[in-house]
Structures are given as structure tokens and as C-alpha cells.
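Here is the structure we will look at, set down as C-alpha cells.
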Amino acid sequence: MKFINYSNEELFVDEVSISNPTDYQIQIKVFSAGINRADILQKKGHYPPPKGESEIIGLECAGTVEKVGNLVQKFKIGDQVCAILGGGGYAEFVNVDEKQVMPVPSNIDLLDAGALPETILTVYENIFNISQFKENETVLIHGGSSGIGTTAISILKNYTKSIYVTAGTDEKCQKCIALGATDAINYKTTDFEKYFGDKKIKLDIILDMIGGSYLKKNLKILNFKGRLTFIAALESIKSEINLLYVMTKQLKISGSTLRSRTPEEKGKIVKQVLKNIWPLIEEGKYKPTIYQTFKMEDVNLAHNLLESSNHIGKIILDIKGE
Ligand SMILES: NC(=O)c1ccc[n+]([C@@H]2O[C@H](COP(=O)([O-])OP(=O)(O)OC[C@H]3O[C@@H](n4cnc5c(N)ncnc54)[C@H](OP(=O)(O)O)[C@@H]3O)[C@@H](O)[C@H]2O)c1
């Protein structure tokens, strides 16, 4: 099969064979793969796959079921599916535990479905499970125009009218508001701590992918019993913490990574997402924000775009092609 290999940070189409799926695995004929920032880290040698996972880049995909393992129960050959992967998405075929697989919603194009799993599962786990979001709470998403940010806005607008985001350009801010954010702060021209201080808005939940200098400000603007959850630290993994805010406001600071989890752990979130988010999609209340789709041969352009941060929403790799 064709897959995307890499050397010296350059990606290229290569050939490799694939084994049959094991008892609980499904083999997916891949239509599309979502592109994620972790893919760039892996290409640069900073984010190796967890033990036992495919060495091939790619954390999510959509396609049709090509083969099923002997003990697979939920899917049959030909079903349209999307899946959260530990690796292997940038390839014509991938084997994945059936617990990590979801049916493609009836109103989502198979190509676009490759961009659903990673951000939806991450947002669900970090906002609903870890941060224990309750309806009508006030939420701040840093990196509002990112794949994660646009997903969080589009889900949360169904549950609260108080969604704030930060983003790096006015155009990104406008897009976030159009998606359903209450307001968007261009962090390059407005200090977000001052913004919330001036408006006397207290945040119940902050989803942060920036870290570094944001920690101090986040702690100040959080509400009593506020929750701060990290999914990345694009500025810095190191920061100083004022514990007084944590104690007096009874704050909870947490964080998580999805990729390193077992199929059982991922499967638990998959079940919750199928129960709570898939109906939103089917009812047209959630739509993914897709910025651009690239052919397999143009994968370097796709990575360049992600690294430039000029995109808004998700970038997709079209594996099937014409
Ligand atoms: N923990 C997990 O389980 C998990 C799962 C999925 C993703 N993630 C992480 O969450 C982050 C967002 O993922 P994504 O796929 O949505 O990413 P993405 O689409 O590439 O967006 C990242 C955005 O962050 C903003 N940003 C702010 N400061 C930045 C900096 N110093 N360097 C680079 N970008 C900066 C950029 O927009 P501006 O113009 O606004 O600056 C950029 O568009 C990534 O770091 C990803 O690895 C974690």
C-alpha cells in the first residue's frame, strides 16, 4: 500500500505492506486523514508513537471497512467509519481496534469525516470529563481558530451562550464569532487578562494550549471553583504558579493527552461521544470547520500550512484521491 514516509523532516509517498487485522481489529481502507500538530512533532523526531502503535504518522482517519478481525462485532465490510488512531492514518490502509472506531454520521462527507475524531474526542474529554462543564457556564478557549478551538466553539454553542476565545488575527476572531463564540480577543492587540478584568467576566473553565506566560493570567481571571485544563503548551511547558489563587479560589488545574491512552480508555470516550455528540451532528447542530484538503502528494504543503498557523479549523489529507 501507499503511505507517507519521512526523512529529514520531508514527507514523501512510499510503499509498505500491511498485516491482516487481529481479532478485535478492523482494517480501514482510508479515504482521508486529519492533519494534526502532533504529526509535525513526529516528523521532527519529538513525538514517537506509543509502544505497539504504527510507526506511520496519522492520528485519525475515515474510510470504509476493508476487513474485520474474527471477534469484531460492531462493524462489517463496506461500512463507512472514522477512527481515532495511535498512528497509521497517512496510509491507504490502517488496522485499528474496533473500540476506537465510529460510524460516519449520515450528513458528513466521508472525506470530511477524517477530521472528526481527534478534536471531538479531545474537546469532549477535556471540557466535559476533566473540566466537568455544566450548561451555561462561561468558557475561554485559547487558540480559538485552531482545529481544537473551532471544534470546542461548535460543540459548546449548543450548551452555553458564554464562549470566549483568543486568536492571533482579526480575521480569525471574526470566524470564531461566526461559528458561535460570544466574543473573540485578538491576543496580539488586546491583553486578555485586562479584557476580562474590565468586563468583570469570570471564567468557569479555561482550555489552554499555550502554557508559559498564560498561566499567571489564567489563574487571575478564573472564577471561584474554576477549572484550567491543558492540552498543549505551545509557548512553554514551564511556568510559575501563584498558589494563593489556587487555594483561595479552590481552582482545579489539570491536563491530558489522548494518544498515549489504551484502546479501552479511548473506547470509553468514543462511547460518550457517540452518545452525546453524534446526535448533535446528525441533527445539524455541529459541523466541522474544514479549511483545506490536500492530495497525498502535496502532504508537505499541508504541513507547511499547519506550521504557518494561517489556517482556521482542520486540514485534511485526501488519501483516496481520484
Ligand atoms: N492533549 C491532547 O490530547 C491533544 C489532542 C489534540 C491536540 N492537542 C494539541 O492542541 C493544540 C491544538 O491542536 P490543533 O490541531 O487544533 O492545532 P492547530 O490547528 O495547529 O492550531 C494551533 C493554533 O494555536 C495558535 N498558537 C498560539 N500560540 C502559538 C504558538 N506559540 N505556536 C503555534 N501556534 C500557536 C495558532 O493560532 P493563532 O493565530 O491564534 O496564534 C495556531 O493556529 C496542538 O498543540 C495539539 O498538539 C492536544
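Chain lettering (A, B, ...) mirrors the order of the C-alpha cells, residue numbering begins at 1 for each chain separately, and ligand numbering begins at 1 in order of display.
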With 7 Å as the cut-off and only C-alpha atoms counted, what is the closest atom pair between each nearby residue of range 162-266 of chain A and range 146-157 of chain A? Distances in Å to one decimal, ordered by chain and number, as CSV.
```
residue,atom,partner,partner_atom,distance
A:Ile163,CA,A:Ile153,CA,6.9
A:Cys176,CA,A:Thr150,CA,6.9
A:Leu179,CA,A:Ser154,CA,6.3
A:Gly180,CA,A:Lys157,CA,5.8
A:Ala181,CA,A:Ile153,CA,6.0
```
Could you write out that same residue set with N, CA and C atoms as a tab-separated table (two decimals), in the first residue's frame?
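Output file result.tsv is given in full below:
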```tsv
chain	number	residue	atom	x	y	z
A	163	ILE	N	-19.13	31.80	25.45
A	163	ILE	CA	-17.91	31.16	24.95
A	163	ILE	C	-16.97	32.27	24.48
A	176	CYS	N	-14.34	32.95	14.43
A	176	CYS	CA	-14.75	32.29	15.69
A	176	CYS	C	-16.12	32.79	16.14
A	179	LEU	N	-18.76	31.30	14.06
A	179	LEU	CA	-19.00	29.90	14.44
A	179	LEU	C	-19.86	29.76	15.69
A	180	GLY	N	-19.90	30.82	16.51
A	180	GLY	CA	-20.72	30.75	17.71
A	180	GLY	C	-20.07	31.28	18.98
A	181	ALA	N	-18.84	31.80	18.87
A	181	ALA	CA	-18.21	32.38	20.06
A	181	ALA	C	-18.94	33.67	20.43
```
Practice problem: Find the residues near range 307-316 of chain A: any atom within 7 Å, counting only C-alpha atoms, skip ones fewer than 5 places away on the same chain, and give them as a list in words. | Solution: Ser32, Ala33, Gly34, Ile35, Ala115, Ser145, Ser146, Gly147, Thr150, Lys172, Thr289, Ile290, Tyr291, Gln292, Thr293 and Phe294 of chain A
Neighbours of Asn129 in chain A within 12 Å (only C-alpha atoms; same-chain residues fewer than 2 positions away dropped), as an mmCIF file with C-alpha atoms, in the first residue's frame?
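Okay, out16.cif is ready:
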```
data_model
loop_
_atom_site.group_PDB
_atom_site.id
_atom_site.type_symbol
_atom_site.label_atom_id
_atom_site.label_comp_id
_atom_site.auth_asym_id
_atom_site.auth_seq_id
_atom_site.Cartn_x
_atom_site.Cartn_y
_atom_site.Cartn_z
ATOM 1 C CA LEU A 121 -12.611 13.333 21.455
ATOM 2 C CA THR A 122 -10.072 15.794 22.849
ATOM 3 C CA VAL A 123 -12.666 18.513 23.429
ATOM 4 C CA TYR A 124 -15.114 16.047 24.976
ATOM 5 C CA GLU A 125 -12.528 14.556 27.320
ATOM 6 C CA ASN A 126 -11.077 17.878 28.451
ATOM 7 C CA ILE A 127 -14.205 20.069 28.643
ATOM 8 C CA SER A 131 -13.285 20.137 33.469
ATOM 9 C CA GLN A 132 -16.786 18.887 34.322
ATOM 10 C CA PHE A 133 -18.524 21.539 32.189
ATOM 11 C CA LYS A 134 -22.083 22.369 33.257
ATOM 12 C CA ARG A 227 -11.066 24.717 36.140
ATOM 13 C CA THR A 229 -7.139 22.305 31.644
ATOM 14 C CA SER A 254 -5.403 19.555 35.061
ATOM 15 C CA GLY A 255 -4.336 18.322 31.648
ATOM 16 C CA SER A 256 -4.278 15.269 29.454
ATOM 17 C CA LYS A 268 -14.682 4.919 26.773
ATOM 18 C CA ILE A 269 -14.517 8.436 25.284
ATOM 19 C CA GLN A 272 -19.535 9.070 25.298
ATOM 20 C CA VAL A 273 -19.003 10.975 22.049
#
```
Self-check item: Surrounding residues of Pro117 in chain A excluding itself and chain neighbours under 2 positions, 7 Å, only C-alpha atoms, as JSON, numbers by chain
Solution: {"A": [60, 82, 83, 84, 115, 119, 120, 121]}
Would you output that residue set with C-alpha atoms, as a PDB file, in the first residue's frame?
```pdb
ATOM      1  CA  GLU A  60      -7.297   9.977  12.762  1.00  0.00           C
ATOM      2  CA  CYS A  82     -13.906   7.128  11.146  1.00  0.00           C
ATOM      3  CA  ALA A  83     -11.397   6.300  13.866  1.00  0.00           C
ATOM      4  CA  ILE A  84      -9.053   7.710  16.464  1.00  0.00           C
ATOM      5  CA  ALA A 115     -11.186  15.369  10.584  1.00  0.00           C
ATOM      6  CA  THR A 119     -10.588  17.181  18.033  1.00  0.00           C
ATOM      7  CA  ILE A 120     -14.036  15.948  19.086  1.00  0.00           C
ATOM      8  CA  LEU A 121     -12.611  13.333  21.455  1.00  0.00           C
TER       9      LEU A 121
END
```
Practice problem: May I have all residues of range 163-256 of chain A that DSSP, computed from the backbone, assigns to helix (DSSP H, G or I), given as a ChimeraX atom specification? | Solution: /A:170-179,192-199,214-221,243-248
Export of prior selection with N, CA and C atoms as an mmCIF file, in the first residue's frame:
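Heads up, here's the output in result-v1.cif:
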```cif
data_model
loop_
_atom_site.group_PDB
_atom_site.id
_atom_site.type_symbol
_atom_site.label_atom_id
_atom_site.label_comp_id
_atom_site.auth_asym_id
_atom_site.auth_seq_id
_atom_site.Cartn_x
_atom_site.Cartn_y
_atom_site.Cartn_z
ATOM 1 N N ASP A 170 -7.513 39.417 13.461
ATOM 2 C CA ASP A 170 -8.918 39.859 13.472
ATOM 3 C C ASP A 170 -9.778 38.919 12.627
ATOM 4 N N GLU A 171 -9.209 38.452 11.502
ATOM 5 C CA GLU A 171 -9.958 37.542 10.629
ATOM 6 C C GLU A 171 -10.310 36.253 11.388
ATOM 7 N N LYS A 172 -9.332 35.729 12.132
ATOM 8 C CA LYS A 172 -9.600 34.514 12.914
ATOM 9 C C LYS A 172 -10.677 34.790 13.960
ATOM 10 N N CYS A 173 -10.593 35.970 14.602
ATOM 11 C CA CYS A 173 -11.578 36.325 15.629
ATOM 12 C C CYS A 173 -12.979 36.375 15.028
ATOM 13 N N GLN A 174 -13.097 37.004 13.843
ATOM 14 C CA GLN A 174 -14.419 37.113 13.205
ATOM 15 C C GLN A 174 -14.983 35.734 12.872
ATOM 16 N N LYS A 175 -14.119 34.852 12.411
ATOM 17 C CA LYS A 175 -14.573 33.497 12.069
ATOM 18 C C LYS A 175 -15.063 32.762 13.330
ATOM 19 N N CYS A 176 -14.343 32.951 14.433
ATOM 20 C CA CYS A 176 -14.747 32.294 15.691
ATOM 21 C C CYS A 176 -16.118 32.792 16.136
ATOM 22 N N ILE A 177 -16.356 34.094 15.983
ATOM 23 C CA ILE A 177 -17.666 34.652 16.355
ATOM 24 C C ILE A 177 -18.745 34.101 15.417
ATOM 25 N N ALA A 178 -18.421 34.022 14.129
ATOM 26 C CA ALA A 178 -19.392 33.471 13.165
ATOM 27 C C ALA A 178 -19.729 32.019 13.508
ATOM 28 N N LEU A 179 -18.763 31.302 14.059
ATOM 29 C CA LEU A 179 -19.005 29.901 14.436
ATOM 30 C C LEU A 179 -19.862 29.764 15.690
ATOM 31 N N PHE A 192 -5.669 39.736 27.203
ATOM 32 C CA PHE A 192 -6.906 39.036 27.572
ATOM 33 C C PHE A 192 -7.235 39.158 29.055
ATOM 34 N N GLU A 193 -6.212 39.291 29.892
ATOM 35 C CA GLU A 193 -6.486 39.448 31.329
ATOM 36 C C GLU A 193 -7.217 40.783 31.565
ATOM 37 N N LYS A 194 -6.746 41.833 30.897
ATOM 38 C CA LYS A 194 -7.369 43.159 31.025
ATOM 39 C C LYS A 194 -8.798 43.129 30.467
ATOM 40 N N TYR A 195 -8.961 42.436 29.327
ATOM 41 C CA TYR A 195 -10.288 42.335 28.701
ATOM 42 C C TYR A 195 -11.310 41.791 29.711
ATOM 43 N N PHE A 196 -10.955 40.665 30.360
ATOM 44 C CA PHE A 196 -11.917 40.047 31.274
ATOM 45 C C PHE A 196 -12.052 40.861 32.566
ATOM 46 N N GLY A 197 -10.934 41.497 33.013
ATOM 47 C CA GLY A 197 -10.968 42.349 34.197
ATOM 48 C C GLY A 197 -11.895 43.539 33.966
ATOM 49 N N ASP A 198 -11.733 44.213 32.819
ATOM 50 C CA ASP A 198 -12.550 45.401 32.502
ATOM 51 C C ASP A 198 -14.027 45.048 32.421
ATOM 52 N N LYS A 199 -14.323 43.888 31.841
ATOM 53 C CA LYS A 199 -15.734 43.494 31.658
ATOM 54 C C LYS A 199 -16.287 42.756 32.876
ATOM 55 N N TYR A 214 0.804 32.395 29.973
ATOM 56 C CA TYR A 214 -0.656 32.450 30.118
ATOM 57 C C TYR A 214 -1.124 31.980 31.505
ATOM 58 N N LEU A 215 -0.310 31.160 32.180
ATOM 59 C CA LEU A 215 -0.769 30.557 33.433
ATOM 60 C C LEU A 215 -1.157 31.616 34.465
ATOM 61 N N LYS A 216 -0.250 32.586 34.649
ATOM 62 C CA LYS A 216 -0.484 33.638 35.645
ATOM 63 C C LYS A 216 -1.813 34.355 35.378
ATOM 64 N N LYS A 217 -2.038 34.696 34.110
ATOM 65 C CA LYS A 217 -3.256 35.436 33.736
ATOM 66 C C LYS A 217 -4.484 34.550 33.877
ATOM 67 N N ASN A 218 -4.355 33.300 33.462
ATOM 68 C CA ASN A 218 -5.484 32.366 33.565
ATOM 69 C C ASN A 218 -5.957 32.242 35.019
ATOM 70 N N LEU A 219 -5.004 32.119 35.933
ATOM 71 C CA LEU A 219 -5.371 31.943 37.339
ATOM 72 C C LEU A 219 -6.114 33.169 37.868
ATOM 73 N N LYS A 220 -5.714 34.347 37.385
ATOM 74 C CA LYS A 220 -6.355 35.585 37.850
ATOM 75 C C LYS A 220 -7.804 35.698 37.366
ATOM 76 N N ILE A 221 -8.077 35.274 36.139
ATOM 77 C CA ILE A 221 -9.419 35.506 35.573
ATOM 78 C C ILE A 221 -10.393 34.347 35.819
ATOM 79 N N LEU A 243 0.238 30.035 44.035
ATOM 80 C CA LEU A 243 -0.645 29.064 44.683
ATOM 81 C C LEU A 243 -1.775 29.705 45.474
ATOM 82 N N LEU A 244 -1.601 31.001 45.787
ATOM 83 C CA LEU A 244 -2.649 31.691 46.537
ATOM 84 C C LEU A 244 -3.979 31.657 45.771
ATOM 85 N N TYR A 245 -3.904 31.900 44.448
ATOM 86 C CA TYR A 245 -5.133 31.855 43.633
ATOM 87 C C TYR A 245 -5.755 30.465 43.680
ATOM 88 N N VAL A 246 -4.892 29.453 43.610
ATOM 89 C CA VAL A 246 -5.387 28.064 43.591
ATOM 90 C C VAL A 246 -6.127 27.757 44.891
ATOM 91 N N MET A 247 -5.531 28.189 45.999
ATOM 92 C CA MET A 247 -6.131 27.863 47.303
ATOM 93 C C MET A 247 -7.389 28.685 47.574
ATOM 94 N N THR A 248 -7.268 30.012 47.403
ATOM 95 C CA THR A 248 -8.405 30.864 47.799
ATOM 96 C C THR A 248 -9.606 30.693 46.872
#
```
Practice problem: Identify, on the basis of only C-alpha atoms, every residue whose closest approach to range 100-110 of chain A does not exceed 9 Å; exclude the query and any residue fewer than 2 positions from it along the same chain; express the result as a VMD selection string. | Solution: chain A and resid 26 31 to 32 62 to 64 75 79 to 85 96 to 98 112 to 114 117 263 to 264 266 to 271 274 278 to 279 281 to 284 287 to 288
Interface rows for range 216-291 of chain A against range 36-59 of chain A: nearest pair, Å to one decimal, 10 Å, only C-alpha atoms, as a tab-separated table:
```
residue	atom	partner	partner_atom	distance
A:Leu258	CA	A:Leu59	CA	9.9
A:Arg259	CA	A:Pro50	CA	7.6
A:Ser260	CA	A:Pro50	CA	5.9
A:Arg261	CA	A:Pro50	CA	8.7
A:Thr262	CA	A:Pro50	CA	9.6
```
For the residues selected in the previous step, produce a file with C-alpha atoms as a PDB file, in the first residue's frame.
```pdb
ATOM      1  CA  LEU A 258      -5.117  11.337  24.162  1.00  0.00           C
ATOM      2  CA  ARG A 259      -2.621   9.470  22.017  1.00  0.00           C
ATOM      3  CA  SER A 260      -0.942   7.552  24.839  1.00  0.00           C
ATOM      4  CA  ARG A 261      -4.213   6.021  26.065  1.00  0.00           C
ATOM      5  CA  THR A 262      -5.104   2.352  25.663  1.00  0.00           C
TER       6      THR A 262
END
```
